[in-house]
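What follows is a short report on a single structure.
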Amino acid sequence: YAGGHGMRYEDFLVSAETATPILCHPAFTLGERCLKAVQATRNAVGTNTNLGMVLLFAPIICAAQQGAAPNAFATGISRAIFSAKPSDVAQIFAAIVLANPGGLGQAPAHDVHSEPDCTLLEAMSASADSDRIASQYATAYKDLFAIGLPALGRYSTGGIGVEWATVYCYLRFLASFPDSHIQRKHGSQIAAQVSQRAEAALAELEQHNDPGTKTSLLLGLDREWKDLGINPGTSADLTAASLLLYHLGVVSRD
């Protein structure tokens, strides 16, 4: 509904159309999918609209293409990450550097600006405490299975439709822990305040049935954060990946 942070709604549509065939190309490795998708996105829209989604989607798609059963998907995701080769790690590092997400900075170990000297799991585990995307790699997507899928399942079966369920899922992620993108750019205190604000917004939304009232509340919240330069991007990425699992029919963690 509203552009912000140097991006427009249309940029995300173009990015999705650009990255999807690359992420789903069965001949590409995990690293190739990530790097080629980021490169194509950068060429198409000139900015980082989807690094987090690309990093989260690639192992999910690999697991699906390798035949992971809906009730054993966490194992399939772990297998895709664990089997990554050194070339995959180098390509994922290159994708992150190219996208240049806000607050990236330098890392004391396994820095993405350097030649990788570790496995993909080791690299992501080293950043898991400060980056919620990396944390998913280190925990076989624990947050998606514990928070995202249950939220989508609960709200979509309540008669409000998957679109509104997605909104609730997003706010549930944002309320459950500080958004690591906000934390990197604005610090822990602001990130905690945003989480508290999301919790309050979620409670208020659940009190209303009128879509117009809900939309007004959300647009007000959106404007409030954009005016402050606050972008809860990690929570959005986790929501998108949860939605992908949901549409693949994944229902529980094995």
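Order determines the names: the first chain of the structure tokens is A, the second B, and so forth; residues in each chain are numbered 1 upward, and ligands are numbered 1 upward as they are shown.
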Find the residues near Arg42 in chain A: any atom within 12 Å, counting only C-alpha atoms, skip ones fewer than 4 places away on the same chain, and give them as a ChimeraX atom specification.
/A:11-12,14-16,18-19,35-38,46-51,95-100
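For the choices A:Arg8, A:Lys142, A:Arg33, A:Arg154, the atom-to-atom distance to Val54 in chain A is smallest for A:Arg33 when using only C-alpha atoms.
Closest approach to Ile61 in chain A from the set A:Ala146, A:Leu202, A:Val250, A:Leu244 is made by A:Leu244, with distances taken over only C-alpha atoms.
Close contacts of Gly3 in chain A, defined as residues with an atom at most 10 Å away when counting only C-alpha atoms, with chain neighbours fewer than 4 positions off set aside, comprise Met7, Arg8, Tyr9, Glu10, Asp11, Asp222, Arg223 and Lys226 of chain A.
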Give me, as a PDB file with C-alpha atoms, in the first residue's frame, all polymer residues having an atom no more than 10 Å from Phe73 in chain A, counting only C-alpha atoms and skipping those fewer than 2 positions away in the same chain.
ATOM      1  CA  ILE A  60      13.113 -24.806   1.404  1.00  0.00           C
ATOM      2  CA  ALA A  63      14.181 -29.678   0.197  1.00  0.00           C
ATOM      3  CA  ALA A  64      10.920 -29.717  -1.753  1.00  0.00           C
ATOM      4  CA  GLY A  67      11.210 -34.930  -2.150  1.00  0.00           C
ATOM      5  CA  ALA A  68      11.037 -33.985   1.527  1.00  0.00           C
ATOM      6  CA  ALA A  69       7.732 -35.126   2.985  1.00  0.00           C
ATOM      7  CA  PRO A  70       5.454 -32.429   4.464  1.00  0.00           C
ATOM      8  CA  ASN A  71       5.833 -33.964   7.937  1.00  0.00           C
ATOM      9  CA  THR A  75      15.071 -32.749   8.098  1.00  0.00           C
ATOM     10  CA  GLY A  76      14.988 -31.944   4.386  1.00  0.00           C
ATOM     11  CA  ILE A  77      15.981 -28.335   5.036  1.00  0.00           C
ATOM     12  CA  SER A  78      18.808 -29.416   7.334  1.00  0.00           C
ATOM     13  CA  ARG A  79      20.048 -31.832   4.693  1.00  0.00           C
ATOM     14  CA  ALA A 140      16.542 -25.983  10.962  1.00  0.00           C
ATOM     15  CA  TYR A 141      14.074 -23.088  10.712  1.00  0.00           C
ATOM     16  CA  PHE A 145       7.905 -24.133  12.621  1.00  0.00           C
ATOM     17  CA  LEU A 245       6.040 -23.638   3.830  1.00  0.00           C
ATOM     18  CA  LEU A 248       3.791 -26.444   0.341  1.00  0.00           C
ATOM     19  CA  GLY A 249       1.528 -28.182   2.846  1.00  0.00           C
ATOM     20  CA  VAL A 250       4.102 -28.331   5.639  1.00  0.00           C
ATOM     21  CA  VAL A 251       2.212 -28.567   8.908  1.00  0.00           C
ATOM     22  CA  SER A 252       4.624 -29.540  11.658  1.00  0.00           C
ATOM     23  CA  ARG A 253       8.244 -29.928  12.644  1.00  0.00           C
ATOM     24  CA  ASP A 254       9.613 -33.472  12.624  1.00  0.00           C
TER      25      ASP A 254
END
